[in-house]
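Below you'll find the structure, written out as structure tokens, and then a few comments.
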Amino acid sequence: MVQGGRRASKAAVGRPLGSGLLQGLHEIGDDRDNAPRRGSWREGSRRMRAREPDVVGHVERDGVTVGYEVFGNGEPTIVLLTSWAIVHARQWKAQVPYLARRYRVVTVEGRGNGRADRPRAPDAYADRQYVADAIAVMDAIGARRAVVGGLSLGGRHALQLAAWYPDRAAGVIAIGAALPWALPDGFEDVRDHYEGAEKLNIHYWRQDYRGFVEFFMSAAFTEPHSTKQWEDGVEWGLATDAETLALTAPAAGGAQSPTADEAEATCRQVRCPVLVIHGDQDAIVPYATGVALARWTQGELVTVRGGGHAPPMRDPIRTNLVISRFVERVAAGRANAPIAWTRARSRARRALFVSSPIGLGHVGRDLAIADELRRQRPDVEIDWLTQEPATRVLRDRAERVHPASKWLASESGHFESEAGEHDLHAFQALRRMDEIMVANFHVFHDLVSAESYDLWAVDEGWDIDHFLFDNPELKCAAYAWLTDFVGMLPITDGGAAERALTADVNGERVERMTRYSRLRDRSIFVGNPADLVDSPLGPGLPTVREWGLERYAFAGYVTKAAPPQNREALRAELGYRPHERVCVVTVGGTGAGGALLRRATQAFPLAEKHVPGLRMVAVAGPRIDPASVPAPDGVEVHGFVPELHRHLAACDLAVVQGGLTTTMELVAARRPFLYFPLTHHFEQQIHVPQRLAQYGAGRRMDYAVTSPDLLAEAIAQEIDRPVDYRPVETDGAARAAALLAELM
């Protein structure tokens with residue numbers, strides 16, 4: 001669908017394909033081993049979704065099976081059609097969770113990819129076949145009428161469905177719609193070399209199909225910093241093959257595709273409302289085509305200035321809001337909800353705390369800051385938007401967890417699904433959390449659009465920060481960002497590809513924060529300047545320390561409580577006897593630490609031979625089943641322990657992961673500890689050790705080379721080691737609260 005060719009729209013103006021996208025990755029060359037690993041469509045489909053389908057089904061027509069999925073049960077029904085066979089229905093992953101909270105959303109697989117057959121005849125890929133498949137799915141789910149939408153060829157099919165079956169379409173959403181569209185001249189020519197748009201050639205597809213898919217996705221995503229969308233597109237494209245794609249060519253843009261006159265005639269038959277969304281930098285379908293479609297259908301044209309071919313993937317928040325507004329207009333016949341508002345003078349002073357649920361460290365420090373904020377602003381009301389396991393802590397404290405929290409997709413569950421044996425590639429897990437981030441930002445945006453807050457205090461809410469910078473006009477309150485690290489840094493064995501990807505992500509953040517420097521009213525670093533590593537954010541970018549010193553206010557570390565004045569009294573209160581040597585093993589609030597728990601309990605019988613009176617207390621936390629951890633005599637395994645920091649202060653030694661909160665609680669309590677950073681976790685491997693080094697604390701261990709024997713020896717060596725840590729400040733929460741109070 002790259003521009004050019006003999007049957008292009010009368011309104012289209014061809015232009016050269018851009019070549020600068022993803023330059024950092026392309027410079028790596030064709031080293032497939034260095035490239036980010038991609039799975040098949042079936043492998044990708046097993047990844048955790050922001051929302052699972054309520055119904056998974058299929059229809060069969062003339063021996064061809066096409067899959068579909070249904071989400072939600074609201075009205076009206078929205079039917080989303082797949083684009084060209086170079087992608088599958090997961091292209092709608094950023095739209096489904098948000099829209100399905102309001103409507104019934106149906107995704108229809110397109111022949112040639114995903115959960116659809118790959119028939120071996122070109123006629124099977126005709127436009128009328130795709131449209132008939134959509135009608136068959138509507139019949140199967142009992143949808144008499146629906147708002148039908150699609151991107152690219154899916155947008156073409158949505159318009160054709162409305163023209164050919166006018167009683168079935170309540171509205172049409174046509175995004176970058178390829179009606180008409182033509183393959184370029186020379187599609188079947190044999191060449192010695194294929195460069196640029198020449199790769200849209202059947203012989204090149206057969207020669208280097210992956211090369212074509214990578215080229216095509218570079219044309220689909222012309223916006224800077226589109227590496228994740230490009231990777232997704234490549235993965236989806238590799239779920240089919242060159243021969244299947246070649247069979248679709250005659251109908252997609254060849255002799256069987258609509259002419260410009262036929263396209264206009266089809267559009268003028270459409271009688272329902274039409275929404276046309278088109279990027280003015282679309283390198284696949286000319287922007288002028290979208291203008292013509294809106295004119296021919298008398299539809300609404302939404303122009304994405306600076307946007308490429310796929311706004312649903314590259315600009316999901318704005319796309320979703322525009323779609324929802326259109327669907328509401330189509331369904332305007334239903335009763336409107338009552339409207340009320342409170343005048344500004346009569347509103348209470350309110351703050352919304354958004355606390356990352358990945359582990360329990362965030363909610364612990366956020367509670368400490370919230371307590372201090374209430375002392376400094378006694379009239380403030382605080383709501384919390386978060387999810388398990390943080391909500392468990394908040395409810396124990398009788399805090400108000402906003403009911404909208406129930407709509408949040410599980411971030412902890414996603415990270416756990418990405419984890420291996422004491423291995424979590426945190427950077428890639430964050431990148432692959434994209435659909436969850438879109439879904440959760442919409443929950444946040446719906447909430448703050450409906451209710452008034454004076455302050456948003458967001459503790460590593462990556463979805464909120466990312467999409468606010470994407471859509472700065474959505475900010476409607478003072479916004480404070482809290483974090484304990486700055487910069488995504490590559491792990492050594494990630495090679496050139498990971499260095500390019502982390503630099504791309506960091507570069508985008510630097511650009512956006514520089515351009516919209518007042519979007520964040522406060523950027524608060526939970527720590528001190530010396531805790532910042534001195535690593536570069538990427539080529540041509542500042543170092544972490546330079547950027548942090550320029551952009552952040554430093555609150556100092558936030559501890560849950562001051563170290564005990566009488567440790568022996570605390571031990572007695574917790575049930576630890578004077579002669580016992582207590583080793584606490586804990587792995588945080590996610591489910592990624594089971595392997596370390598099991599290794600520690602395996603080491604216990606060996607360790608107690610060297611440490612008389614040794615008692616091991618293993619804390620599985622809220623997301624690991626204690627029964628999954630073997631417990632030999634002398635070892636007790638607990639689930640969630642509400643005031644774990646008190647046990648850490650009372651113990652003789654701790655064995656922990658490399659998470660910041662737990663390790664710093666041990667530093668504050670001045671207890672010896674062994675810490676095992678998760679493999680490939682850039683924060684635990686790079687940022688946390690830098691901070692612990694500032695305090696002279698902890699003994700770093702490598703899980704991969706630490707057998708139960710070696711762990712037992714380390715326990716014996718460290719349990720009596722005197723500590724000489726730098727003191728941890730106790731006023732971090734008050735300092736952070738003061739920075740927030742100034743915004744209210």
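Residues in the structure tokens are numbered from 1 in each chain, the chains being A, B, ... in the order shown, and ligands are numbered from 1 in the order shown.
For segment 489-491 of chain A, the non-local neighbours within 7 Å, defined as residues at least 3 positions apart in the same chain or in other chains and counting only C-alpha atoms, are Gly494, Glu498, Arg499, Thr502, His680 and Phe682 of chain A.
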Take the residues just selected and output them with all heavy atoms as a PDB file, in the first residue's frame.
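What landed in selection36.pdb:
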```pdb
ATOM      1  N   GLY A 494      22.398  -7.351  26.013  1.00  0.00           N
ATOM      2  CA  GLY A 494      21.378  -6.959  25.050  1.00  0.00           C
ATOM      3  C   GLY A 494      21.943  -6.533  23.717  1.00  0.00           C
ATOM      4  O   GLY A 494      21.207  -6.462  22.723  1.00  0.00           O
ATOM      5  N   GLU A 498      19.562  -3.512  21.926  1.00  0.00           N
ATOM      6  CA  GLU A 498      19.028  -2.951  23.159  1.00  0.00           C
ATOM      7  C   GLU A 498      19.587  -1.559  23.428  1.00  0.00           C
ATOM      8  O   GLU A 498      18.880  -0.686  23.943  1.00  0.00           O
ATOM      9  CB  GLU A 498      19.316  -3.875  24.341  1.00  0.00           C
ATOM     10  CG  GLU A 498      18.607  -3.427  25.614  1.00  0.00           C
ATOM     11  CD  GLU A 498      18.543  -4.504  26.670  1.00  0.00           C
ATOM     12  OE1 GLU A 498      18.284  -5.666  26.310  1.00  0.00           O
ATOM     13  OE2 GLU A 498      18.749  -4.170  27.846  1.00  0.00           O
ATOM     14  N   ARG A 499      20.827  -1.323  23.063  1.00  0.00           N
ATOM     15  CA  ARG A 499      21.367   0.034  23.218  1.00  0.00           C
ATOM     16  C   ARG A 499      20.582   1.019  22.357  1.00  0.00           C
ATOM     17  O   ARG A 499      20.288   2.139  22.782  1.00  0.00           O
ATOM     18  CB  ARG A 499      22.856   0.067  22.859  1.00  0.00           C
ATOM     19  CG  ARG A 499      23.747  -0.634  23.871  1.00  0.00           C
ATOM     20  CD  ARG A 499      25.206  -0.286  23.653  1.00  0.00           C
ATOM     21  NE  ARG A 499      25.707  -0.733  22.364  1.00  0.00           N
ATOM     22  CZ  ARG A 499      26.197  -1.942  22.122  1.00  0.00           C
ATOM     23  NH1 ARG A 499      26.236  -2.849  23.102  1.00  0.00           N
ATOM     24  NH2 ARG A 499      26.641  -2.280  20.922  1.00  0.00           N
ATOM     25  N   THR A 502      16.887   1.453  24.033  1.00  0.00           N
ATOM     26  CA  THR A 502      16.855   2.277  25.238  1.00  0.00           C
ATOM     27  C   THR A 502      17.168   3.726  24.907  1.00  0.00           C
ATOM     28  O   THR A 502      16.562   4.649  25.473  1.00  0.00           O
ATOM     29  CB  THR A 502      17.846   1.756  26.292  1.00  0.00           C
ATOM     30  OG1 THR A 502      19.156   1.615  25.714  1.00  0.00           O
ATOM     31  CG2 THR A 502      17.403   0.404  26.847  1.00  0.00           C
ATOM     32  N   HIS A 680      18.716  -9.313  34.100  1.00  0.00           N
ATOM     33  CA  HIS A 680      18.147  -8.480  33.038  1.00  0.00           C
ATOM     34  C   HIS A 680      17.199  -7.394  33.552  1.00  0.00           C
ATOM     35  O   HIS A 680      16.513  -6.759  32.756  1.00  0.00           O
ATOM     36  CB  HIS A 680      17.416  -9.335  31.983  1.00  0.00           C
ATOM     37  CG  HIS A 680      18.322 -10.260  31.243  1.00  0.00           C
ATOM     38  ND1 HIS A 680      18.238 -11.623  31.362  1.00  0.00           N
ATOM     39  CD2 HIS A 680      19.354 -10.014  30.404  1.00  0.00           C
ATOM     40  CE1 HIS A 680      19.169 -12.181  30.614  1.00  0.00           C
ATOM     41  NE2 HIS A 680      19.861 -11.231  30.010  1.00  0.00           N
ATOM     42  N   PHE A 682      17.106  -3.930  34.622  1.00  0.00           N
ATOM     43  CA  PHE A 682      18.087  -2.836  34.591  1.00  0.00           C
ATOM     44  C   PHE A 682      18.068  -2.019  35.876  1.00  0.00           C
ATOM     45  O   PHE A 682      19.117  -1.530  36.318  1.00  0.00           O
ATOM     46  CB  PHE A 682      17.843  -1.933  33.379  1.00  0.00           C
ATOM     47  CG  PHE A 682      16.610  -1.078  33.469  1.00  0.00           C
ATOM     48  CD1 PHE A 682      16.663   0.190  33.997  1.00  0.00           C
ATOM     49  CD2 PHE A 682      15.391  -1.555  33.016  1.00  0.00           C
ATOM     50  CE1 PHE A 682      15.530   0.979  34.091  1.00  0.00           C
ATOM     51  CE2 PHE A 682      14.252  -0.777  33.099  1.00  0.00           C
ATOM     52  CZ  PHE A 682      14.310   0.485  33.645  1.00  0.00           C
TER      53      PHE A 682
END
```
Margin query: Give me, as a PyMOL selection string, the residues of segment 478-704 of chain A that a backbone DSSP run labels strand (DSSP E or B).
Written below: chain A and resi 478-483+522-525+536+543+553-554+581-586+614-619+635-638+653-657+673-676+679+699-700
Check: If we count only C-alpha atoms, what is near Leu710 of chain A at a cut-off of 10 Å, once residues fewer than 4 positions away on the same chain are taken out, given as an MDAnalysis selection string?
Finding: chainID A and resid 603 606:607 705:706 714:716
Please provide as a PDB file with N, CA, C and O atoms, in the first residue's frame all residues within 6 Å of Ala654 of chain A, with the sequence filter that same-chain residues fewer than 4 positions apart are discarded (counting only C-alpha atoms).
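The new file out_30.pdb reads:
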```pdb
ATOM      1  N   CYS A 583      16.879 -15.208  60.240  1.00  0.00           N
ATOM      2  CA  CYS A 583      17.150 -14.853  58.842  1.00  0.00           C
ATOM      3  C   CYS A 583      15.802 -14.703  58.138  1.00  0.00           C
ATOM      4  O   CYS A 583      15.049 -15.668  58.015  1.00  0.00           O
ATOM      5  N   VAL A 584      15.506 -13.483  57.682  1.00  0.00           N
ATOM      6  CA  VAL A 584      14.272 -13.222  56.949  1.00  0.00           C
ATOM      7  C   VAL A 584      14.578 -13.252  55.458  1.00  0.00           C
ATOM      8  O   VAL A 584      15.511 -12.586  54.991  1.00  0.00           O
ATOM      9  N   VAL A 585      13.806 -14.039  54.723  1.00  0.00           N
ATOM     10  CA  VAL A 585      13.939 -14.114  53.266  1.00  0.00           C
ATOM     11  C   VAL A 585      12.661 -13.536  52.667  1.00  0.00           C
ATOM     12  O   VAL A 585      11.564 -14.022  52.954  1.00  0.00           O
ATOM     13  N   PHE A 673      22.616  -7.764  54.985  1.00  0.00           N
ATOM     14  CA  PHE A 673      21.737  -8.457  54.044  1.00  0.00           C
ATOM     15  C   PHE A 673      22.500  -8.889  52.801  1.00  0.00           C
ATOM     16  O   PHE A 673      23.517  -8.286  52.423  1.00  0.00           O
TER      17      PHE A 673
END
```
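The closest residue to Ala500 of chain A, picked from A:Thr227, A:Thr259, A:Ser452, A:Gln387 and counting only C-alpha atoms, is A:Thr227.
In this comparison, which uses only C-alpha atoms, the residue of A:Asn440, A:Gln256, A:Gln91, A:Asn201 approaching Met313 of chain A most closely is A:Gln91.
Atom CA of Arg145 of chain A to atom CA of Leu161 of chain A spans 11.2 Å [interatomic distance, one decimal].
Residues within 6 Å of Val558 of chain A, counting only C-alpha atoms and excluding same-chain residues fewer than 4 positions away, are Arg365, Gly732 and Ala733 of chain A.
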Next, the residues of the selection above should be written as a short mmCIF file (atom, residue, chain, number, x, y, z; two decimals), in the first residue's frame with all heavy atoms.
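Saved the output as out07.cif:
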```cif
data_model
loop_
_atom_site.label_atom_id
_atom_site.label_comp_id
_atom_site.auth_asym_id
_atom_site.auth_seq_id
_atom_site.Cartn_x
_atom_site.Cartn_y
_atom_site.Cartn_z
N ARG A 365 5.78 3.90 50.38
CA ARG A 365 6.31 5.27 50.48
C ARG A 365 5.22 6.29 50.19
O ARG A 365 5.21 7.38 50.76
CB ARG A 365 7.50 5.45 49.56
CG ARG A 365 7.20 5.53 48.08
CD ARG A 365 8.50 5.61 47.30
NE ARG A 365 8.30 5.69 45.86
CZ ARG A 365 9.16 5.22 44.97
NH1 ARG A 365 10.28 4.63 45.39
NH2 ARG A 365 8.94 5.34 43.68
N GLY A 732 12.30 12.23 54.53
CA GLY A 732 12.03 12.20 53.10
C GLY A 732 10.55 12.37 52.78
O GLY A 732 10.17 13.10 51.84
N ALA A 733 9.68 11.73 53.56
CA ALA A 733 8.24 11.84 53.31
C ALA A 733 7.76 13.28 53.51
O ALA A 733 6.96 13.80 52.73
CB ALA A 733 7.47 10.89 54.21
#
```
Margin query: Need the shell around Ala89 of chain A: protein/DNA/RNA residues with any atom at most 8 Å away, counting only C-alpha atoms. Skip same-chain ones fewer than 5 positions apart. Format as a PyMOL selection string?
Written below: chain A and resi 81-82+107-110+114
Checklist line | Residue set, segment 116-201 of chain A restricted to alpha helix (DSSP H), as a PyMOL selection string | finding: chain A and resi 127-141+153-164
Notebook entry, point to check: From the set A:Phe221, A:Phe427, A:Trp407, A:Tyr576, which residue has the shortest atom-to-atom contact distance to Val443 of chain A, counting only C-alpha atoms?
Noted result: A:Trp407
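When only C-alpha atoms are used to compute distances to Pro536 of chain A, the closest of the residues A:Ser517, A:Asn506, A:Gln229, A:Gln160 turns out to be A:Asn506.
Taking atom CA of Leu430 of chain A and atom CA of Phe485 of chain A as the two end points, the separation is 14.5 Å.
The residue that comes closest to Thr303 of chain A, out of A:Asp62, A:Asp280, A:Glu550, A:Asp315 and on the basis of only C-alpha atoms, is A:Asp280.
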Item checked: Neighbour list for Glu388 of chain A as a list in words, cut-off 8 Å, only C-alpha atoms, skip fewer than 2 positions in-chain -> Pro357, Thr386, Ala390, Thr391, Arg392, Ser410 and Ser412 of chain A
Serialized selection, C-alpha atoms, as an mmCIF file, in the first residue's frame:
```cif
data_model
loop_
_atom_site.group_PDB
_atom_site.id
_atom_site.type_symbol
_atom_site.label_atom_id
_atom_site.label_comp_id
_atom_site.auth_asym_id
_atom_site.auth_seq_id
_atom_site.Cartn_x
_atom_site.Cartn_y
_atom_site.Cartn_z
ATOM 1 C CA PRO A 357 1.294 -1.804 41.778
ATOM 2 C CA THR A 386 -4.165 1.559 41.901
ATOM 3 C CA ALA A 390 -1.262 -2.167 46.534
ATOM 4 C CA THR A 391 -5.016 -2.060 47.181
ATOM 5 C CA ARG A 392 -4.627 -4.681 49.899
ATOM 6 C CA SER A 410 -3.049 -5.978 35.947
ATOM 7 C CA SER A 412 1.814 -7.043 38.232
#
```
Notebook entry, point to check: A:Tyr68, A:Phe326, A:Tyr557, A:Tyr703: which is nearest Ala140 of chain A, counting only C-alpha atoms?
Noted result: A:Tyr68
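A straight line drawn from atom CA of Leu660 of chain A to atom CA of Pro529 of chain A is 15.8 Å long.
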